[in-house]
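Coordinates from final_31.cif are shown below (mmCIF, N, CA, C and O atoms, pLDDT in the B column; chains and numbers go by the auth columns).
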data_coords
#
loop_
_atom_site.group_PDB
_atom_site.id
_atom_site.type_symbol
_atom_site.label_atom_id
_atom_site.label_comp_id
_atom_site.label_asym_id
_atom_site.label_seq_id
_atom_site.Cartn_x
_atom_site.Cartn_y
_atom_site.Cartn_z
_atom_site.B_iso_or_equiv
_atom_site.auth_seq_id
_atom_site.auth_asym_id
ATOM 1 N N MET A 1 -21.851 -29.073 12.864 65.00 1 A
ATOM 2 C CA MET A 1 -21.760 -28.913 11.421 65.00 1 A
ATOM 3 C C MET A 1 -20.411 -29.453 10.963 65.00 1 A
ATOM 4 O O MET A 1 -19.363 -29.049 11.441 65.00 1 A
ATOM 5 N N ILE A 2 -20.449 -30.340 10.027 75.00 2 A
ATOM 6 C CA ILE A 2 -19.233 -30.951 9.503 75.00 2 A
ATOM 7 C C ILE A 2 -18.890 -30.280 8.180 75.00 2 A
ATOM 8 O O ILE A 2 -19.741 -30.128 7.302 75.00 2 A
ATOM 9 N N ILE A 3 -17.631 -29.856 8.057 73.00 3 A
ATOM 10 C CA ILE A 3 -17.157 -29.220 6.821 73.00 3 A
ATOM 11 C C ILE A 3 -16.241 -30.209 6.121 73.00 3 A
ATOM 12 O O ILE A 3 -15.265 -30.686 6.703 73.00 3 A
ATOM 13 N N ASP A 4 -16.578 -30.520 4.887 87.00 4 A
ATOM 14 C CA ASP A 4 -15.720 -31.460 4.160 87.00 4 A
ATOM 15 C C ASP A 4 -14.441 -30.768 3.698 87.00 4 A
ATOM 16 O O ASP A 4 -14.318 -29.540 3.746 87.00 4 A
ATOM 17 N N GLN A 5 -13.492 -31.556 3.253 91.00 5 A
ATOM 18 C CA GLN A 5 -12.166 -31.033 2.932 91.00 5 A
ATOM 19 C C GLN A 5 -12.198 -30.041 1.774 91.00 5 A
ATOM 20 O O GLN A 5 -11.496 -29.031 1.794 91.00 5 A
ATOM 21 N N THR A 6 -13.011 -30.296 0.790 91.00 6 A
ATOM 22 C CA THR A 6 -13.088 -29.406 -0.366 91.00 6 A
ATOM 23 C C THR A 6 -13.619 -28.028 0.044 91.00 6 A
ATOM 24 O O THR A 6 -13.067 -26.994 -0.344 91.00 6 A
ATOM 25 N N ARG A 7 -14.677 -28.030 0.829 90.00 7 A
ATOM 26 C CA ARG A 7 -15.255 -26.760 1.268 90.00 7 A
ATOM 27 C C ARG A 7 -14.262 -25.997 2.154 90.00 7 A
ATOM 28 O O ARG A 7 -14.136 -24.777 2.055 90.00 7 A
ATOM 29 N N PHE A 8 -13.549 -26.707 3.012 92.00 8 A
ATOM 30 C CA PHE A 8 -12.556 -26.065 3.864 92.00 8 A
ATOM 31 C C PHE A 8 -11.453 -25.439 3.028 92.00 8 A
ATOM 32 O O PHE A 8 -11.024 -24.320 3.292 92.00 8 A
ATOM 33 N N ARG A 9 -11.000 -26.140 2.008 94.00 9 A
ATOM 34 C CA ARG A 9 -9.957 -25.594 1.131 94.00 9 A
ATOM 35 C C ARG A 9 -10.449 -24.343 0.415 94.00 9 A
ATOM 36 O O ARG A 9 -9.714 -23.360 0.302 94.00 9 A
ATOM 37 N N LEU A 10 -11.656 -24.371 -0.079 94.00 10 A
ATOM 38 C CA LEU A 10 -12.209 -23.192 -0.745 94.00 10 A
ATOM 39 C C LEU A 10 -12.312 -22.016 0.226 94.00 10 A
ATOM 40 O O LEU A 10 -11.997 -20.873 -0.122 94.00 10 A
ATOM 41 N N PHE A 11 -12.752 -22.296 1.445 94.00 11 A
ATOM 42 C CA PHE A 11 -12.852 -21.260 2.462 94.00 11 A
ATOM 43 C C PHE A 11 -11.473 -20.693 2.792 94.00 11 A
ATOM 44 O O PHE A 11 -11.300 -19.480 2.888 94.00 11 A
ATOM 45 N N ALA A 12 -10.468 -21.558 2.925 96.00 12 A
ATOM 46 C CA ALA A 12 -9.108 -21.123 3.230 96.00 12 A
ATOM 47 C C ALA A 12 -8.529 -20.308 2.079 96.00 12 A
ATOM 48 O O ALA A 12 -7.907 -19.260 2.302 96.00 12 A
ATOM 49 N N VAL A 13 -8.735 -20.751 0.853 97.00 13 A
ATOM 50 C CA VAL A 13 -8.232 -20.023 -0.310 97.00 13 A
ATOM 51 C C VAL A 13 -8.901 -18.654 -0.402 97.00 13 A
ATOM 52 O O VAL A 13 -8.242 -17.650 -0.696 97.00 13 A
ATOM 53 N N PHE A 14 -10.197 -18.609 -0.145 97.00 14 A
ATOM 54 C CA PHE A 14 -10.919 -17.334 -0.169 97.00 14 A
ATOM 55 C C PHE A 14 -10.285 -16.342 0.798 97.00 14 A
ATOM 56 O O PHE A 14 -10.002 -15.199 0.430 97.00 14 A
ATOM 57 N N TRP A 15 -10.028 -16.758 2.036 97.00 15 A
ATOM 58 C CA TRP A 15 -9.461 -15.852 3.027 97.00 15 A
ATOM 59 C C TRP A 15 -8.021 -15.495 2.716 97.00 15 A
ATOM 60 O O TRP A 15 -7.584 -14.373 2.965 97.00 15 A
ATOM 61 N N ILE A 16 -7.276 -16.422 2.154 98.00 16 A
ATOM 62 C CA ILE A 16 -5.895 -16.114 1.754 98.00 16 A
ATOM 63 C C ILE A 16 -5.890 -15.046 0.672 98.00 16 A
ATOM 64 O O ILE A 16 -5.090 -14.105 0.704 98.00 16 A
ATOM 65 N N VAL A 17 -6.792 -15.161 -0.290 98.00 17 A
ATOM 66 C CA VAL A 17 -6.887 -14.166 -1.362 98.00 17 A
ATOM 67 C C VAL A 17 -7.300 -12.808 -0.796 98.00 17 A
ATOM 68 O O VAL A 17 -6.738 -11.771 -1.168 98.00 17 A
ATOM 69 N N ILE A 18 -8.254 -12.795 0.110 98.00 18 A
ATOM 70 C CA ILE A 18 -8.696 -11.531 0.727 98.00 18 A
ATOM 71 C C ILE A 18 -7.538 -10.872 1.473 98.00 18 A
ATOM 72 O O ILE A 18 -7.264 -9.670 1.301 98.00 18 A
ATOM 73 N N ILE A 19 -6.826 -11.624 2.295 98.00 19 A
ATOM 74 C CA ILE A 19 -5.717 -11.066 3.075 98.00 19 A
ATOM 75 C C ILE A 19 -4.581 -10.617 2.166 98.00 19 A
ATOM 76 O O ILE A 19 -3.994 -9.550 2.360 98.00 19 A
ATOM 77 N N ALA A 20 -4.269 -11.401 1.142 97.00 20 A
ATOM 78 C CA ALA A 20 -3.198 -11.028 0.215 97.00 20 A
ATOM 79 C C ALA A 20 -3.557 -9.751 -0.547 97.00 20 A
ATOM 80 O O ALA A 20 -2.706 -8.867 -0.724 97.00 20 A
ATOM 81 N N SER A 21 -4.795 -9.632 -0.985 97.00 21 A
ATOM 82 C CA SER A 21 -5.180 -8.430 -1.736 97.00 21 A
ATOM 83 C C SER A 21 -5.156 -7.198 -0.827 97.00 21 A
ATOM 84 O O SER A 21 -4.720 -6.132 -1.248 97.00 21 A
ATOM 85 N N GLN A 22 -5.609 -7.338 0.408 97.00 22 A
ATOM 86 C CA GLN A 22 -5.558 -6.211 1.334 97.00 22 A
ATOM 87 C C GLN A 22 -4.117 -5.798 1.614 97.00 22 A
ATOM 88 O O GLN A 22 -3.802 -4.611 1.683 97.00 22 A
ATOM 89 N N SER A 23 -3.234 -6.776 1.765 96.00 23 A
ATOM 90 C CA SER A 23 -1.818 -6.471 1.995 96.00 23 A
ATOM 91 C C SER A 23 -1.226 -5.757 0.795 96.00 23 A
ATOM 92 O O SER A 23 -0.459 -4.806 0.943 96.00 23 A
ATOM 93 N N TYR A 24 -1.578 -6.209 -0.411 96.00 24 A
ATOM 94 C CA TYR A 24 -1.064 -5.583 -1.632 96.00 24 A
ATOM 95 C C TYR A 24 -1.532 -4.127 -1.730 96.00 24 A
ATOM 96 O O TYR A 24 -0.740 -3.234 -2.014 96.00 24 A
ATOM 97 N N PHE A 25 -2.821 -3.897 -1.493 96.00 25 A
ATOM 98 C CA PHE A 25 -3.342 -2.534 -1.600 96.00 25 A
ATOM 99 C C PHE A 25 -2.757 -1.634 -0.513 96.00 25 A
ATOM 100 O O PHE A 25 -2.509 -0.449 -0.742 96.00 25 A
ATOM 101 N N LEU A 26 -2.523 -2.184 0.676 96.00 26 A
ATOM 102 C CA LEU A 26 -1.883 -1.405 1.731 96.00 26 A
ATOM 103 C C LEU A 26 -0.453 -1.058 1.332 96.00 26 A
ATOM 104 O O LEU A 26 0.001 0.073 1.527 96.00 26 A
ATOM 105 N N TYR A 27 0.270 -2.013 0.732 95.00 27 A
ATOM 106 C CA TYR A 27 1.622 -1.752 0.239 95.00 27 A
ATOM 107 C C TYR A 27 1.605 -0.654 -0.815 95.00 27 A
ATOM 108 O O TYR A 27 2.429 0.262 -0.791 95.00 27 A
ATOM 109 N N LYS A 28 0.670 -0.728 -1.758 95.00 28 A
ATOM 110 C CA LYS A 28 0.586 0.283 -2.816 95.00 28 A
ATOM 111 C C LYS A 28 0.285 1.663 -2.224 95.00 28 A
ATOM 112 O O LYS A 28 0.823 2.671 -2.682 95.00 28 A
ATOM 113 N N LYS A 29 -0.553 1.710 -1.190 95.00 29 A
ATOM 114 C CA LYS A 29 -0.875 2.986 -0.569 95.00 29 A
ATOM 115 C C LYS A 29 0.365 3.577 0.101 95.00 29 A
ATOM 116 O O LYS A 29 0.659 4.763 -0.052 95.00 29 A
ATOM 117 N N PHE A 30 1.114 2.764 0.838 94.00 30 A
ATOM 118 C CA PHE A 30 2.325 3.265 1.479 94.00 30 A
ATOM 119 C C PHE A 30 3.373 3.668 0.447 94.00 30 A
ATOM 120 O O PHE A 30 4.100 4.634 0.639 94.00 30 A
ATOM 121 N N HIS A 31 3.449 2.941 -0.667 94.00 31 A
ATOM 122 C CA HIS A 31 4.381 3.303 -1.732 94.00 31 A
ATOM 123 C C HIS A 31 4.003 4.662 -2.330 94.00 31 A
ATOM 124 O O HIS A 31 4.869 5.509 -2.567 94.00 31 A
ATOM 125 N N ALA A 32 2.713 4.875 -2.562 94.00 32 A
ATOM 126 C CA ALA A 32 2.259 6.157 -3.107 94.00 32 A
ATOM 127 C C ALA A 32 2.555 7.289 -2.126 94.00 32 A
ATOM 128 O O ALA A 32 2.979 8.378 -2.533 94.00 32 A
ATOM 129 N N LEU A 33 2.361 7.040 -0.836 93.00 33 A
ATOM 130 C CA LEU A 33 2.679 8.065 0.153 93.00 33 A
ATOM 131 C C LEU A 33 4.175 8.352 0.189 93.00 33 A
ATOM 132 O O LEU A 33 4.590 9.504 0.359 93.00 33 A
ATOM 133 N N SER A 34 4.982 7.328 0.014 93.00 34 A
ATOM 134 C CA SER A 34 6.431 7.504 0.000 93.00 34 A
ATOM 135 C C SER A 34 6.852 8.363 -1.185 93.00 34 A
ATOM 136 O O SER A 34 7.685 9.258 -1.049 93.00 34 A
ATOM 137 N N VAL A 35 6.278 8.086 -2.352 93.00 35 A
ATOM 138 C CA VAL A 35 6.590 8.875 -3.544 93.00 35 A
ATOM 139 C C VAL A 35 6.160 10.323 -3.327 93.00 35 A
ATOM 140 O O VAL A 35 6.903 11.258 -3.652 93.00 35 A
ATOM 141 N N CYS A 36 4.998 10.527 -2.749 93.00 36 A
ATOM 142 C CA CYS A 36 4.511 11.880 -2.487 93.00 36 A
ATOM 143 C C CYS A 36 5.441 12.598 -1.510 93.00 36 A
ATOM 144 O O CYS A 36 5.751 13.779 -1.696 93.00 36 A
ATOM 145 N N HIS A 37 5.883 11.899 -0.491 93.00 37 A
ATOM 146 C CA HIS A 37 6.795 12.501 0.492 93.00 37 A
ATOM 147 C C HIS A 37 8.115 12.884 -0.174 93.00 37 A
ATOM 148 O O HIS A 37 8.669 13.964 0.103 93.00 37 A
ATOM 149 N N ASP A 38 8.646 12.023 -1.048 91.00 38 A
ATOM 150 C CA ASP A 38 9.896 12.326 -1.750 91.00 38 A
ATOM 151 C C ASP A 38 9.741 13.556 -2.641 91.00 38 A
ATOM 152 O O ASP A 38 10.629 14.415 -2.692 91.00 38 A
ATOM 153 N N GLN A 39 8.625 13.642 -3.345 93.00 39 A
ATOM 154 C CA GLN A 39 8.387 14.803 -4.199 93.00 39 A
ATOM 155 C C GLN A 39 8.252 16.074 -3.358 93.00 39 A
ATOM 156 O O GLN A 39 8.736 17.141 -3.759 93.00 39 A
ATOM 157 N N HIS A 40 7.610 15.962 -2.224 94.00 40 A
ATOM 158 C CA HIS A 40 7.463 17.122 -1.331 94.00 40 A
ATOM 159 C C HIS A 40 8.829 17.575 -0.811 94.00 40 A
ATOM 160 O O HIS A 40 9.095 18.777 -0.730 94.00 40 A
ATOM 161 N N THR A 41 9.699 16.615 -0.496 94.00 41 A
ATOM 162 C CA THR A 41 11.049 16.946 -0.036 94.00 41 A
ATOM 163 C C THR A 41 11.834 17.656 -1.139 94.00 41 A
ATOM 164 O O THR A 41 12.525 18.647 -0.880 94.00 41 A
ATOM 165 N N GLN A 42 11.719 17.164 -2.371 94.00 42 A
ATOM 166 C CA GLN A 42 12.387 17.817 -3.499 94.00 42 A
ATOM 167 C C GLN A 42 11.845 19.225 -3.715 94.00 42 A
ATOM 168 O O GLN A 42 12.603 20.165 -3.990 94.00 42 A
ATOM 169 N N LEU A 43 10.544 19.382 -3.594 94.00 43 A
ATOM 170 C CA LEU A 43 9.936 20.697 -3.759 94.00 43 A
ATOM 171 C C LEU A 43 10.430 21.660 -2.685 94.00 43 A
ATOM 172 O O LEU A 43 10.734 22.827 -2.972 94.00 43 A
ATOM 173 N N ASP A 44 10.543 21.184 -1.452 92.00 44 A
ATOM 174 C CA ASP A 44 11.061 22.036 -0.375 92.00 44 A
ATOM 175 C C ASP A 44 12.509 22.441 -0.644 92.00 44 A
ATOM 176 O O ASP A 44 12.893 23.586 -0.393 92.00 44 A
ATOM 177 N N ALA A 45 13.310 21.506 -1.166 92.00 45 A
ATOM 178 C CA ALA A 45 14.708 21.817 -1.470 92.00 45 A
ATOM 179 C C ALA A 45 14.792 22.858 -2.583 92.00 45 A
ATOM 180 O O ALA A 45 15.607 23.794 -2.509 92.00 45 A
ATOM 181 N N MET A 46 13.971 22.717 -3.618 94.00 46 A
ATOM 182 C CA MET A 46 13.981 23.702 -4.699 94.00 46 A
ATOM 183 C C MET A 46 13.507 25.060 -4.201 94.00 46 A
ATOM 184 O O MET A 46 14.052 26.096 -4.595 94.00 46 A
ATOM 185 N N GLN A 47 12.521 25.064 -3.320 93.00 47 A
ATOM 186 C CA GLN A 47 12.035 26.330 -2.765 93.00 47 A
ATOM 187 C C GLN A 47 13.125 27.000 -1.936 93.00 47 A
ATOM 188 O O GLN A 47 13.302 28.220 -2.005 93.00 47 A
ATOM 189 N N ALA A 48 13.879 26.230 -1.189 92.00 48 A
ATOM 190 C CA ALA A 48 14.981 26.792 -0.398 92.00 48 A
ATOM 191 C C ALA A 48 16.059 27.358 -1.308 92.00 48 A
ATOM 192 O O ALA A 48 16.624 28.424 -1.021 92.00 48 A
ATOM 193 N N GLN A 49 16.346 26.674 -2.423 92.00 49 A
ATOM 194 C CA GLN A 49 17.336 27.191 -3.375 92.00 49 A
ATOM 195 C C GLN A 49 16.865 28.503 -3.982 92.00 49 A
ATOM 196 O O GLN A 49 17.654 29.443 -4.151 92.00 49 A
ATOM 197 N N LEU A 50 15.582 28.583 -4.335 91.00 50 A
ATOM 198 C CA LEU A 50 15.044 29.828 -4.894 91.00 50 A
ATOM 199 C C LEU A 50 15.102 30.951 -3.870 91.00 50 A
ATOM 200 O O LEU A 50 15.439 32.100 -4.211 91.00 50 A
ATOM 201 N N ASP A 51 14.779 30.632 -2.632 88.00 51 A
ATOM 202 C CA ASP A 51 14.842 31.661 -1.581 88.00 51 A
ATOM 203 C C ASP A 51 16.271 32.142 -1.391 88.00 51 A
ATOM 204 O O ASP A 51 16.509 33.348 -1.204 88.00 51 A
ATOM 205 N N ASN A 52 17.241 31.233 -1.428 89.00 52 A
ATOM 206 C CA ASN A 52 18.643 31.622 -1.275 89.00 52 A
ATOM 207 C C ASN A 52 19.121 32.440 -2.486 89.00 52 A
ATOM 208 O O ASN A 52 19.939 33.351 -2.338 89.00 52 A
ATOM 209 N N ALA A 53 18.641 32.122 -3.668 88.00 53 A
ATOM 210 C CA ALA A 53 19.042 32.852 -4.874 88.00 53 A
ATOM 211 C C ALA A 53 18.477 34.268 -4.872 88.00 53 A
ATOM 212 O O ALA A 53 19.101 35.194 -5.410 88.00 53 A
ATOM 213 N N ARG A 54 17.322 34.467 -4.279 84.00 54 A
ATOM 214 C CA ARG A 54 16.696 35.778 -4.248 84.00 54 A
ATOM 215 C C ARG A 54 17.387 36.713 -3.264 84.00 54 A
ATOM 216 O O ARG A 54 17.294 37.924 -3.390 84.00 54 A
ATOM 217 N N ARG A 55 18.073 36.163 -2.294 76.00 55 A
ATOM 218 C CA ARG A 55 18.721 37.007 -1.269 76.00 55 A
ATOM 219 C C ARG A 55 19.977 37.604 -1.764 76.00 55 A
ATOM 220 O O ARG A 55 20.722 37.505 -2.504 76.00 55 A
#
Just give me the structure as structure tokens.
Amino acid sequence: MIIDQTRFRLFAVFWIVIIASQSYFLYKKFHALSVCHDQHTQLDAMQAQLDNARR
């Protein structure tokens, strides 16, 4: 099967777009997890301050 240059370019662009979008969504997921972790750390610090204030 012979693939002409135009079809090959379209195939390559398709896969580049798929890989780029997956990388972007993976980045966004890790960013959201990072934000959640930071908020959890702040919440733990505030809880420790409240516990110390109650003593």
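Rounded to one decimal, atom CA of Gln39 of chain A and atom O of Leu26 of chain A lie 17.9 Å from each other.
Reported to one decimal place, the separation of atom N of Gln22 of chain A from atom C of Arg7 of chain A is 20.6 Å.
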Work out how far atom O of Ala32 of chain A is from atom C of Ala45 of chain A, in Å to one decimal.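 Atom O of Ala32 of chain A lies at a distance of 18.7 Å from atom C of Ala45 of chain A.
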How big is the axis-aligned box around all listed atoms of segment 34-38 of chain A once 6 Å goes on each side, and where's its centre, in Å to one decimal, as JSON?
{"center_x": 7.6, "center_y": 10.9, "center_z": -1.6, "size_x": 18.1, "size_y": 19.1, "size_z": 16.1}
Keeping just C-alpha atoms, export segment 14-45 of chain A of this structure as a CSV table (one decimal), in the first residue's frame.
chain,number,residue,atom,x,y,z
A,14,PHE,CA,-3.8,13.8,13.4
A,15,TRP,CA,-1.5,11.9,15.8
A,16,ILE,CA,0.4,15.0,16.8
A,17,VAL,CA,-2.9,16.7,17.8
A,18,ILE,CA,-4.0,13.5,19.7
A,19,ILE,CA,-0.7,13.3,21.6
A,20,ALA,CA,-0.7,17.1,22.3
A,21,SER,CA,-4.2,17.1,23.6
A,22,GLN,CA,-3.6,14.1,25.9
A,23,SER,CA,-0.5,15.8,27.2
A,24,TYR,CA,-2.4,19.0,27.9
A,25,PHE,CA,-5.2,17.2,29.7
A,26,LEU,CA,-2.7,15.2,31.7
A,27,TYR,CA,-0.9,18.5,32.7
A,28,LYS,CA,-4.3,20.0,33.7
A,29,LYS,CA,-5.1,17.0,35.8
A,30,PHE,CA,-1.7,17.1,37.6
A,31,HIS,CA,-2.2,20.9,38.1
A,32,ALA,CA,-5.6,20.3,39.7
A,33,LEU,CA,-4.2,17.7,42.0
A,34,SER,CA,-1.4,20.1,43.0
A,35,VAL,CA,-3.9,22.8,43.8
A,36,CYS,CA,-5.9,20.3,45.8
A,37,HIS,CA,-2.8,19.2,47.7
A,38,ASP,CA,-1.9,22.8,48.5
A,39,GLN,CA,-5.4,23.5,49.8
A,40,HIS,CA,-5.3,20.3,51.9
A,41,THR,CA,-1.9,21.4,53.4
A,42,GLN,CA,-3.4,24.8,54.3
A,43,LEU,CA,-6.4,23.1,55.9
A,44,ASP,CA,-4.1,20.9,58.0
A,45,ALA,CA,-2.1,23.9,59.1
